[in-house]
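Peer 1: Before anything else, here's the structure in question.
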Amino acid sequence: MRGLGLRVGSSALNYRALRAFGTRVPRWTGGRLPWLGLFDYTLRELPGADWVRLRPLLSGICGSDLSLLTGRSTAILSPFNSFPAILGHEVVARVEEAGAASGVQIGQRVVLDPIISCTMRGLDPCSGCLEGTAALCRHAAEGALAPGMLIGFCRDLPGGWSEGMLAHASQLHPVPDQLSDEAAVLVEPLACGLHAALAQPPAKEDRALVIGGGAIGLGTLAALRMIAPDTETTIVVRHPLQAELARSLGAHNVFTDHGGTGALRAAVEIGGAREHPTLVGKATLTGGFEVVYECAGNAASLEAALRVTTPRGRLAMIGSVGEVDGLDLTLAWARELRITGNYVYGRETSVPGQPHTIDHLMALLAAAGAPAVDGLVTHRFRLDDWRTAMRTAMARGQRAAIKVVFDHRAA
């Protein structure tokens with residue numbers, strides 16, 4: 001099978017160029033990215049009887065994709081990626097061909113777990129894969145496949161920004177009929193928020209703060225409202241549409257960030273914090289929120305999260321913060337904060353039956369009274385209009401965008 005896919009190249013040379021110029025190039029070129037383009041590729045035969053061929057229906061543009069394309073991602077995980085690669089790991093698709101041992105039906109609608117496991121590489125499972133947390137796989141650069149932690153960042157497995165892709169049966173999660181394609185394509189990013197909320201659930205009487213109004217932040221808010229409905233949940237967002245969607249998802253308090261002060265104002269007004277002037281810079285707070293979910297993934301949001309977490313409070317890092325220059329970590333030790341990294345999803349041992357996060361989330365979203373998340377998909381583009389899609393995703397505030405997707409469905 002041949003088809004078109006949106007492919008990115010990478011090397012040490014153009015990585016350095018991206019680090020220097022990547023964030024400016026889209027402005028200079030009107031959204032054109034010279035290292036990204038449509039590519040005619042051949043989708044190989046099924047690697048085994050437990051593999052399937054998928055036809056994407058919708059595929060999302062993730063912040064990690066944009067970080068790669070604009071040079072904002074660090075090189076620390078580069079040994080576990082391989083290029084050139086067709087991007088796209090937020091995918092709802094239909095099964096077009098199914099191996100005899102796959103256990104799925106042709107025509108079935110599925111959400112993809114893009115994580116590449118030892119099983120897919122033809123290796124004995126490592127401890128992470130055995131425990132149902134393939135995201136922590138120790139063999140992401142070994143075995144029968146090129147290096148890659150997930151589909152879309154592995155040259156051997158095209159992602160969802162394409163007309164066709166391969167996946168292992170273990171990666172597929174059937175979509176309940178109650179969920180629209182728009183809700184289903186959001187499941188992958190929203191599962192990141194649910195995974196973090198289940199790992200760091202609010203205790204009784206805790207006040208929770210979510211920092212960030214993108215898909216991850218709003219997904220974390222929705223997760224908290226579903227698993228901890230009695231917890232007073234506050235969110236800090238940047239744009240009016242984010243505030244509107246946060247209220248529709250059940251946020252008790254919504255603060256719009258102005259000059260990086262949104263979290264601090266929330267801590268004072270909702271968390272009862274007191275401000276203490278410092279010799280220079282922002283005031284130091286006493287009080288705030290017992291549990292904070294950092295979902296924006298930038299230096300300012302992480303710095304704010306450290307400031308507004310109460311002593312011995314819990315700070316969950318979800319937003320994929322990378323390199324941070326000049327970050328003051330004093331409050332991390334002076335307040336004995338419990339800081340945890342949270343990466344994607346896996347088997348949820350705290351939930352009866354230990355379901356995968358994706359299955360648990362879809363069951364929650366399909367239940368009566370669940371928050372309607374479809375509205376988080378704000379923009380749809382055909383694959384050949386990828387330049388406009390990139391411009392929109394890179395200027396979400398100006399274009400009132402939350403989740404931008406490629407729509408592969410027949411017109």
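Letters for chains follow the order of the structure tokens (A, B, ...), residue numbers begin at 1 for each chain, and ligand numbers begin at 1 in the order shown.
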Give me the residues within 7 Å of region 103-109 of chain A as a PyMOL selection string, counting only C-alpha atoms and dropping any in the same chain fewer than 2 places off.

Peer 2: chain A and resi 93-98+101+174-175

Peer 1: Write out as a list in words which residues come within 12 Å of Gly369 (chain A) when counting only C-alpha atoms, dropping same-chain ones fewer than 5 positions away.

Peer 2: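 Using only C-alpha atoms, the neighbours found are Arg225, Met226, Leu249, Gly250, Ala363 and Leu364 of chain A.
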
Peer 1: May I have the selected residues written with N, CA and C atoms, as an mmCIF file, in the first residue's frame?

Peer 2:
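Below is the file out_18.cif, written as the result:
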```
data_model
loop_
_atom_site.group_PDB
_atom_site.id
_atom_site.type_symbol
_atom_site.label_atom_id
_atom_site.label_comp_id
_atom_site.auth_asym_id
_atom_site.auth_seq_id
_atom_site.Cartn_x
_atom_site.Cartn_y
_atom_site.Cartn_z
ATOM 1 N N ARG A 225 -12.700 16.323 37.928
ATOM 2 C CA ARG A 225 -14.137 16.461 38.161
ATOM 3 C C ARG A 225 -14.830 15.098 38.134
ATOM 4 N N MET A 226 -14.256 14.122 37.394
ATOM 5 C CA MET A 226 -14.865 12.796 37.325
ATOM 6 C C MET A 226 -14.452 11.916 38.501
ATOM 7 N N LEU A 249 -16.510 22.410 31.702
ATOM 8 C CA LEU A 249 -16.031 21.127 32.223
ATOM 9 C C LEU A 249 -16.161 21.029 33.743
ATOM 10 N N GLY A 250 -16.641 22.100 34.372
ATOM 11 C CA GLY A 250 -16.951 22.018 35.791
ATOM 12 C C GLY A 250 -15.968 22.644 36.746
ATOM 13 N N ALA A 363 -14.466 4.682 29.345
ATOM 14 C CA ALA A 363 -15.629 4.261 30.127
ATOM 15 C C ALA A 363 -16.206 5.433 30.911
ATOM 16 N N LEU A 364 -15.340 6.264 31.488
ATOM 17 C CA LEU A 364 -15.813 7.436 32.218
ATOM 18 C C LEU A 364 -16.524 8.416 31.291
#
```

Peer 1: Using only C-alpha atoms, determine which residues lie at most 10 Å from Met120 (chain A), disregarding the query and same-chain residues fewer than 2 positions distant; provide the list as a list of chain:residue names.

Peer 2: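 Skipping anything fewer than 2 positions along the chain leaves A:Pro47, A:Gly48, A:Asp50, A:Trp51, A:Ile115, A:Ile116, A:Ser117, A:Cys118, A:Gly122, A:Leu123, A:Asp124, A:Pro125, A:Gly143, A:Ala144, A:Leu145, A:Ala167, A:His168, A:Ala169, A:Ser170, A:Gln171.
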
Peer 1: Take the selection from the previous step and output its residues with N, CA and C atoms, as a compact mmCIF listing (two decimals), in the first residue's frame.

Peer 2:
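Saved result, result-v1.txt, follows:
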```txt
# COMPACT_ATOMS: atom_id res chain seq x y z
N PRO A 47 3.75 -7.03 10.03
CA PRO A 47 4.95 -7.73 10.52
C PRO A 47 4.66 -9.09 11.13
N GLY A 48 3.41 -9.33 11.54
CA GLY A 48 3.06 -10.59 12.16
C GLY A 48 1.55 -10.73 12.29
N ASP A 50 -0.25 -10.71 14.81
CA ASP A 50 -0.84 -9.89 15.86
C ASP A 50 -0.72 -8.39 15.57
N TRP A 51 -0.53 -8.06 14.30
CA TRP A 51 -0.47 -6.67 13.87
C TRP A 51 -1.69 -6.33 13.02
N ILE A 115 2.55 3.98 22.44
CA ILE A 115 3.80 3.55 23.08
C ILE A 115 4.29 2.23 22.47
N ILE A 116 5.57 2.18 22.18
CA ILE A 116 6.19 0.99 21.57
C ILE A 116 6.79 0.13 22.69
N SER A 117 6.35 -1.11 22.79
CA SER A 117 6.74 -2.00 23.88
C SER A 117 7.80 -3.00 23.43
N CYS A 118 8.33 -3.73 24.42
CA CYS A 118 9.27 -4.82 24.12
C CYS A 118 8.64 -5.85 23.20
N GLY A 122 10.04 -7.58 19.55
CA GLY A 122 10.46 -8.96 19.52
C GLY A 122 11.37 -9.34 20.66
N LEU A 123 11.26 -8.63 21.79
CA LEU A 123 12.13 -8.85 22.94
C LEU A 123 11.32 -9.38 24.12
N ASP A 124 12.01 -10.05 25.04
CA ASP A 124 11.37 -10.40 26.30
C ASP A 124 11.03 -9.11 27.04
N PRO A 125 9.87 -9.06 27.68
CA PRO A 125 9.45 -7.80 28.30
C PRO A 125 10.36 -7.38 29.46
N GLY A 143 16.15 -4.08 19.55
CA GLY A 143 15.22 -5.01 18.95
C GLY A 143 14.99 -4.81 17.46
N ALA A 144 13.86 -5.32 16.97
CA ALA A 144 13.59 -5.39 15.54
C ALA A 144 13.19 -4.06 14.93
N LEU A 145 12.85 -3.06 15.74
CA LEU A 145 12.41 -1.77 15.22
C LEU A 145 13.49 -0.72 15.47
N ALA A 167 0.01 -0.98 13.47
CA ALA A 167 0.01 -0.98 14.93
C ALA A 167 -0.09 -2.42 15.41
N HIS A 168 0.43 -2.66 16.60
CA HIS A 168 0.31 -3.97 17.23
C HIS A 168 -1.04 -4.05 17.92
N ALA A 169 -1.60 -5.25 17.98
CA ALA A 169 -2.93 -5.43 18.58
C ALA A 169 -2.98 -4.92 20.02
N SER A 170 -1.86 -5.02 20.75
CA SER A 170 -1.84 -4.59 22.15
C SER A 170 -2.00 -3.08 22.29
N GLN A 171 -1.85 -2.35 21.20
CA GLN A 171 -1.96 -0.89 21.24
C GLN A 171 -3.37 -0.38 20.99
```

Peer 1: Identify, on the basis of only C-alpha atoms, every residue whose closest approach to region 385-396 of chain A does not exceed 12 Å; exclude the query and any residue fewer than 3 positions from it along the same chain; express the result as a PyMOL selection string.

Peer 2: chain A and resi 5-7+22-34+36-38+59-67+69-70+161-162+213-215+238-242+377-382+399-408

Peer 1: Would you output that residue set with C-alpha atoms, as a tab-separated table (two decimals), in the first residue's frame?

Peer 2:
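Printed below is result-v5.tsv as written:
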```tsv
chain	number	residue	atom	x	y	z
A	5	GLY	CA	2.25	11.15	5.05
A	6	LEU	CA	3.56	14.31	6.69
A	7	ARG	CA	7.21	13.50	7.33
A	22	GLY	CA	13.19	27.04	14.92
A	23	THR	CA	10.71	29.25	16.76
A	24	ARG	CA	11.32	32.11	14.32
A	25	VAL	CA	11.10	30.18	11.06
A	26	PRO	CA	7.27	29.79	11.09
A	27	ARG	CA	6.94	33.57	11.43
A	28	TRP	CA	9.45	34.20	8.66
A	29	THR	CA	7.86	31.70	6.26
A	30	GLY	CA	4.15	32.07	7.02
A	31	GLY	CA	3.99	28.67	8.70
A	32	ARG	CA	6.11	26.81	6.15
A	33	LEU	CA	8.60	24.44	7.81
A	34	PRO	CA	11.34	23.37	5.38
A	36	LEU	CA	8.36	19.03	7.16
A	37	GLY	CA	6.46	18.00	4.06
A	38	LEU	CA	4.13	15.52	2.40
A	59	SER	CA	-5.15	12.69	14.23
A	60	GLY	CA	-4.16	15.47	16.58
A	61	ILE	CA	-1.28	17.92	16.64
A	62	CYS	CA	0.42	17.62	20.03
A	63	GLY	CA	2.61	20.11	21.85
A	64	SER	CA	5.45	17.59	21.71
A	65	ASP	CA	5.16	17.56	17.90
A	66	LEU	CA	5.41	21.34	17.81
A	67	SER	CA	8.36	21.31	20.22
A	69	LEU	CA	9.37	21.00	14.80
A	70	THR	CA	10.47	24.32	16.32
A	161	TRP	CA	-0.47	12.27	9.99
A	162	SER	CA	-0.86	9.84	7.12
A	213	GLY	CA	-5.64	25.60	29.65
A	214	GLY	CA	-4.54	23.50	26.70
A	215	ALA	CA	-5.77	19.98	25.98
A	238	ARG	CA	-4.45	32.19	29.24
A	239	HIS	CA	-7.21	32.72	26.70
A	240	PRO	CA	-10.99	33.41	26.79
A	241	LEU	CA	-11.90	30.18	24.96
A	242	GLN	CA	-9.90	28.17	27.47
A	377	VAL	CA	-11.41	19.96	19.05
A	378	THR	CA	-11.62	23.46	17.62
A	379	HIS	CA	-9.99	23.16	14.17
A	380	ARG	CA	-9.94	20.43	11.49
A	381	PHE	CA	-7.76	20.41	8.39
A	382	ARG	CA	-7.15	18.11	5.47
A	399	ARG	CA	-6.71	31.74	16.56
A	400	ALA	CA	-8.83	30.54	19.51
A	401	ALA	CA	-7.54	26.99	19.10
A	402	ILE	CA	-7.35	24.17	21.64
A	403	LYS	CA	-6.87	20.92	19.73
A	404	VAL	CA	-6.05	21.10	16.04
A	405	VAL	CA	-6.53	17.85	14.12
A	406	PHE	CA	-6.04	16.40	10.68
A	407	ASP	CA	-9.35	15.10	9.36
A	408	HIS	CA	-8.82	12.06	7.11
```

Peer 1: Write out as a list in words which residues come within 6 Å of Ile339 (chain A) when counting only C-alpha atoms, dropping same-chain ones fewer than 4 positions away.

Peer 2: Arg314, Leu315 and Ala316 of chain A

Peer 1: Just to be explicit: take each residue in the selection above, keep C-alpha atoms, and write the result as a compact mmCIF listing (two decimals), in the first residue's frame.

Peer 2:
```txt
# COMPACT_ATOMS: atom_id res chain seq x y z
CA ARG A 314 2.12 17.65 46.06
CA LEU A 315 3.19 18.98 42.68
CA ALA A 316 2.50 16.81 39.63
```
